[in-house]
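Here is the structure we will look at, set down as structure tokens.
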Amino acid sequence: MSTSTSTSTPTATAAVQPAKRHRTYHRDRNGPIFWVGMVILALVFIVPILWMYLTAFRTQADTRQVPLNIIPEELTLDAFRVIFSDATNPVLIWAVNSVVAATLHSVIVLVVASMAAYALARMPFKGRGMVFAVIIATLFVPGFIFLMPNYLLMSSLGWLDTVLALAVPTAAGAFSVFFLRQFFLALPRELEESALIDGANTWQILTRIILPVSKSALITLGMLSFLTNWNEFVWPVFVLFSPERLTLPAGLSSLNGAFDTNYPVVMAGATIASVPVLILYVFVQRYIIEGVATSGLKG
Amino acid sequence: MTTATGAAALVEQQTMASGTGPGRPLRLYHPLTPYLLCAPYIVLLLMFVLGPGVFGIWVSLHDWDFMLPEKPFIGMDNYVALFDPQSVIYEQFWHGMKATTIFTVASVPFLVIIPLLVAMLLNRKFRFRAVFRAMIFAPFVLGIAVVGVLFNYLLDTQFGLINYIIGLVGIPAIAWTQTQPAAWVGLVGMTVWWTMGFNTIIYMAGLQDIPGEQYEAGELDGAGRWGSFLHITLPGLRNVLVFIVTTTVLASANMFGQSYLVTNGGPGDSTRTAIMVMTQEGLRSFKMGTASAMSYMLAIFLGIVSFIIFFLMRERTPKR
């Protein structure tokens, strides 16, 4: 909780953290072995990603040389031309679908969870304990339980093969309510009490006072929801089937099957699926990492 | 419905208690307000979590073929079939369970130990610490589809980068997706690469919660690095460890995308995991009853495993 409250702004976090994490027991200098180790470790994580992007700009022939050709002979947009003109694998439409699904999902999560979390954090009401207990209990239920019944539900709602099947059911996840409730509990009550004296109603307090001061938590939750939904794989693979209805992850699976020997094309698809989230990640990585750290500390 | 009756009862209570009499906390909202605020979420929860959770049990008690109009009630037959060696599904189900178990047993130790070591390294003070932390976490934001097709390429026997790199140190090319145990090594390796950033971040948060004074006191008592790791770090991380082991076991048991995208369940059916068997049965062959029964059985197994982990890791506390 203290972790999330400290992330009021990225710059503030950057300034505050080194002081907060001051450790007297690690005063020792880090020798060259440490740095070599760290650099190798970083390369292990970064090189495959860079390799994916590099491959996307190669020719197919260039990727099929033995021994492997590390430096490309030429850089080309051929792979992108192929996927942008392939009617059975409309990658750009998948990208639009992914953006729509993930955005819709995040908006639903933020609106629904902040309302419920505020009531659970601040308003004593009959049944609150039970509601909260049920929410916590669902955190421990494995998601695959819901695959079959939710598929049948999507079918009867007519949501199969639509963006709604992707955006809505997972918005019922308990994490968002739990996360925001913890954040709201840590806010000082004086904020609301002064507004109450000024005659503000609950909705005004929530939208004009609580939500603005919770900006960092909302950004974190919004980003985590967006990323999770963007990367969703099992569910879209089965509930979406029309080529023009797929999201990027489900589409990549189809692309991988259709172009199994044309690595530049598949890597170009993977590039389109990963660049948006990596750019997002670069800008908001503090929110994401702090959010993940907070999620773990509940345990 | 329970919400509505509860609300009615509360209205009665609060008509007397409402207002801002002296000594009462400020409560200037309508007694129904909290219910209204919770309502949208509760509707979602009932529709997509609690309802389906119960409905799935109902489905599992039927011969529920999505494509057929008749879905006869058959009691526990779907469950019995999973334990009957004569049934068609027995072989597939247990094969999937075995593959999932192999994957879980092979991946969890790496996913528990390596991130701890990395987190301890990253917990030192050094320049660009945040950059290194961000790099190690980066694969996790990619998602399994990207990671899957990427490793499908990296693990290619002829044209893959991994065989090229191990070739540089003289190791002959390995047919990662066509032979065992290489296929498991590849799948476990890519999973460690993909998800270890998550566990690392959690460990780092846990390490930062251990007060530095404990290490100072340890130093004064003459504890070396190993001693302070054993007697300060590990006990200080107990809850974090329980969390990491449990979530990692659950995540490994959910393994699907790696096998689906890289090995396609092969070589043979050796990497066809329980989730693959379940989704194939329920969402491709549309035998929803059998698949639901499988999902509940797997959930029960996971519940038992989680309980054992909790029990084992809790037990040691009083001994210290």
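Labeling convention for the structure tokens: chains A, B, ... as they appear, residues from 1 per chain, ligands from 1 in order of appearance.
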Write out as a PDB file with N, CA and C atoms, in the first residue's frame each polymer residue whose atoms come within 10 Å of range 31-40 of chain A, counting only C-alpha atoms; drop sequence neighbours fewer than 3 positions from it.
```pdb
ATOM      1  N   ASP A  28      28.791  -2.056  -0.115  1.00  0.00           N
ATOM      2  CA  ASP A  28      29.948  -2.481  -0.905  1.00  0.00           C
ATOM      3  C   ASP A  28      29.845  -2.041  -2.359  1.00  0.00           C
ATOM      4  N   LEU A  43      21.147  -8.594 -21.686  1.00  0.00           N
ATOM      5  CA  LEU A  43      21.164  -9.030 -23.090  1.00  0.00           C
ATOM      6  C   LEU A  43      20.238 -10.220 -23.306  1.00  0.00           C
ATOM      7  N   VAL A  44      20.251 -11.155 -22.330  1.00  0.00           N
ATOM      8  CA  VAL A  44      19.386 -12.335 -22.455  1.00  0.00           C
ATOM      9  C   VAL A  44      17.935 -11.913 -22.637  1.00  0.00           C
ATOM     10  N   PHE A  45      17.558 -10.818 -21.986  1.00  0.00           N
ATOM     11  CA  PHE A  45      16.159 -10.395 -22.076  1.00  0.00           C
ATOM     12  C   PHE A  45      15.881  -9.493 -23.264  1.00  0.00           C
ATOM     13  N   ILE A  46      16.883  -8.758 -23.692  1.00  0.00           N
ATOM     14  CA  ILE A  46      16.640  -7.762 -24.737  1.00  0.00           C
ATOM     15  C   ILE A  46      16.908  -8.314 -26.135  1.00  0.00           C
TER      16      ILE A  46
ATOM     17  N   VAL B 118      18.192 -12.931  -8.853  1.00  0.00           N
ATOM     18  CA  VAL B 118      18.207 -11.693  -9.629  1.00  0.00           C
ATOM     19  C   VAL B 118      17.697 -10.527  -8.782  1.00  0.00           C
ATOM     20  N   LEU B 121      20.383  -9.344  -6.576  1.00  0.00           N
ATOM     21  CA  LEU B 121      21.340  -8.524  -7.332  1.00  0.00           C
ATOM     22  C   LEU B 121      20.781  -7.123  -7.569  1.00  0.00           C
ATOM     23  N   LEU B 122      19.531  -7.080  -8.005  1.00  0.00           N
ATOM     24  CA  LEU B 122      18.920  -5.792  -8.345  1.00  0.00           C
ATOM     25  C   LEU B 122      18.648  -4.955  -7.103  1.00  0.00           C
ATOM     26  N   PHE B 126      23.069   0.558  -7.441  1.00  0.00           N
ATOM     27  CA  PHE B 126      23.967   0.794  -8.571  1.00  0.00           C
ATOM     28  C   PHE B 126      23.258   1.653  -9.605  1.00  0.00           C
ATOM     29  N   ARG B 129      19.866   1.002 -12.202  1.00  0.00           N
ATOM     30  CA  ARG B 129      19.129  -0.101 -11.612  1.00  0.00           C
ATOM     31  C   ARG B 129      17.728  -0.215 -12.197  1.00  0.00           C
ATOM     32  N   PHE B 132      17.746  -1.767 -15.677  1.00  0.00           N
ATOM     33  CA  PHE B 132      17.904  -3.223 -15.673  1.00  0.00           C
ATOM     34  C   PHE B 132      16.616  -3.908 -15.235  1.00  0.00           C
TER      35      PHE B 132
END
```
DSSP helix (DSSP H, G or I) residues within range 183-274 of chain A, listed as a ChimeraX atom specification: /A:183-185,190-197,202-213,215-231,234-239,243-245,248-258,263-274
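Reported to one decimal place, the separation of CA of Ala258 in chain A from CA of Thr88 in chain A is 9.3 Å.
The nearest approach to Ala200 in chain A among the residues B:Gln92, B:Ala119, B:Tyr29, B:Phe256, with only C-alpha atoms taken into account, belongs to B:Tyr29.
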For Leu180 in chain A: contacts at 12 Å, only C-alpha atoms, fewer than 2 positions along chain excluded, given as JSON, numbers by chain: {"A": [1, 4, 5, 109, 110, 111, 112, 113, 114, 115, 116, 117, 118, 119, 120, 121, 122, 174, 175, 176, 177, 178, 182, 183, 184, 185, 186, 187, 210, 211, 214, 215, 216, 217, 218, 219, 220, 221, 222, 291, 294, 295]}
Let's have the selection written as an mmCIF file, in the first residue's frame, with C-alpha atoms.
```cif
data_model
loop_
_atom_site.group_PDB
_atom_site.id
_atom_site.type_symbol
_atom_site.label_atom_id
_atom_site.label_comp_id
_atom_site.auth_asym_id
_atom_site.auth_seq_id
_atom_site.Cartn_x
_atom_site.Cartn_y
_atom_site.Cartn_z
ATOM 1 C CA MET A 1 0.000 0.000 0.000
ATOM 2 C CA SER A 4 1.270 2.572 -4.441
ATOM 3 C CA THR A 5 0.642 5.739 -2.487
ATOM 4 C CA VAL A 109 -12.902 -1.981 -15.152
ATOM 5 C CA LEU A 110 -12.054 1.545 -14.021
ATOM 6 C CA VAL A 111 -15.652 2.760 -13.797
ATOM 7 C CA VAL A 112 -17.148 -0.348 -12.215
ATOM 8 C CA ALA A 113 -14.278 -1.133 -9.859
ATOM 9 C CA SER A 114 -13.804 2.414 -8.569
ATOM 10 C CA MET A 115 -17.481 2.688 -7.661
ATOM 11 C CA ALA A 116 -17.549 -0.659 -5.884
ATOM 12 C CA ALA A 117 -14.171 -0.151 -4.247
ATOM 13 C CA TYR A 118 -15.217 3.235 -2.862
ATOM 14 C CA ALA A 119 -18.352 1.787 -1.301
ATOM 15 C CA LEU A 120 -16.372 -1.141 0.114
ATOM 16 C CA ALA A 121 -13.658 1.115 1.498
ATOM 17 C CA ARG A 122 -15.734 3.906 2.961
ATOM 18 C CA ALA A 174 -11.699 -9.328 -8.399
ATOM 19 C CA PHE A 175 -8.210 -7.861 -8.510
ATOM 20 C CA SER A 176 -9.321 -4.402 -9.668
ATOM 21 C CA VAL A 177 -11.787 -3.927 -6.801
ATOM 22 C CA PHE A 178 -9.320 -5.290 -4.288
ATOM 23 C CA GLN A 182 -6.696 -0.907 -0.650
ATOM 24 C CA PHE A 183 -5.730 2.413 -2.186
ATOM 25 C CA PHE A 184 -8.891 4.206 -1.052
ATOM 26 C CA LEU A 185 -8.502 2.859 2.488
ATOM 27 C CA ALA A 186 -5.128 4.578 2.709
ATOM 28 C CA LEU A 187 -6.527 7.991 1.753
ATOM 29 C CA ILE A 210 -11.412 10.679 -4.480
ATOM 30 C CA LEU A 211 -10.762 9.847 -8.131
ATOM 31 C CA SER A 214 -6.189 8.455 -6.874
ATOM 32 C CA LYS A 215 -4.831 9.247 -10.313
ATOM 33 C CA SER A 216 -1.712 7.102 -9.882
ATOM 34 C CA ALA A 217 -3.704 4.051 -8.760
ATOM 35 C CA LEU A 218 -6.175 4.516 -11.600
ATOM 36 C CA ILE A 219 -3.391 4.829 -14.160
ATOM 37 C CA THR A 220 -1.727 1.701 -12.765
ATOM 38 C CA LEU A 221 -4.957 -0.272 -12.839
ATOM 39 C CA GLY A 222 -5.871 1.065 -16.273
ATOM 40 C CA GLY A 291 1.329 -2.136 -9.569
ATOM 41 C CA THR A 294 1.666 -4.137 -4.873
ATOM 42 C CA SER A 295 -0.346 -7.042 -6.226
#
```
If we count only C-alpha atoms and set the cut-off at 12 Å, which residues sit around range 93-97 of chain A, ignoring sequence neighbours fewer than 6 positions away in its own chain? Please answer as a VMD selection string. chain A and resid 83 to 87 103 to 105 161 to 167 229 to 231 236 240 to 255 269 to 277
Which residue is closest to chain B? Choose from A:Val99, A:Val47, A:Ala293, A:Ile71 and count only C-alpha atoms. A:Ala293
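In this structure, CA of Val168 in chain A sits 14.0 Å away from CA of Pro52 in chain B.
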Residues within 10 Å of Gly189 in chain B, please, as a ChimeraX atom specification. Count only C-alpha atoms; anything in the same chain fewer than 4 positions from it doesn't count. /B:106-107,110-111,151,183-185,193-194
Close residues, Val88 in chain B itself excluded, 12 Å, only C-alpha atoms, min 5 positions apart in chain, as a PDB file with C-alpha atoms, in the first residue's frame:
```
ATOM      1  CA  ASN B  78     -18.397 -37.459 -16.683  1.00  0.00           C
ATOM      2  CA  VAL B  80     -16.422 -41.345 -13.272  1.00  0.00           C
ATOM      3  CA  ALA B  81     -15.181 -41.590 -16.870  1.00  0.00           C
ATOM      4  CA  LEU B  82     -12.109 -39.550 -15.972  1.00  0.00           C
ATOM      5  CA  PHE B  83     -11.144 -42.296 -13.509  1.00  0.00           C
ATOM      6  CA  PHE B  93      -7.094 -36.603 -19.596  1.00  0.00           C
ATOM      7  CA  TRP B  94      -4.341 -38.284 -17.647  1.00  0.00           C
ATOM      8  CA  GLU B 281     -12.545 -31.495 -25.867  1.00  0.00           C
ATOM      9  CA  THR B 290     -16.644 -33.822 -20.199  1.00  0.00           C
TER      10      THR B 290
END
```
Polymer residues at most 9 Å from Arg64 in chain A, only C-alpha atoms, same-chain spacing of 5 or more positions, as a count of residues only: 4
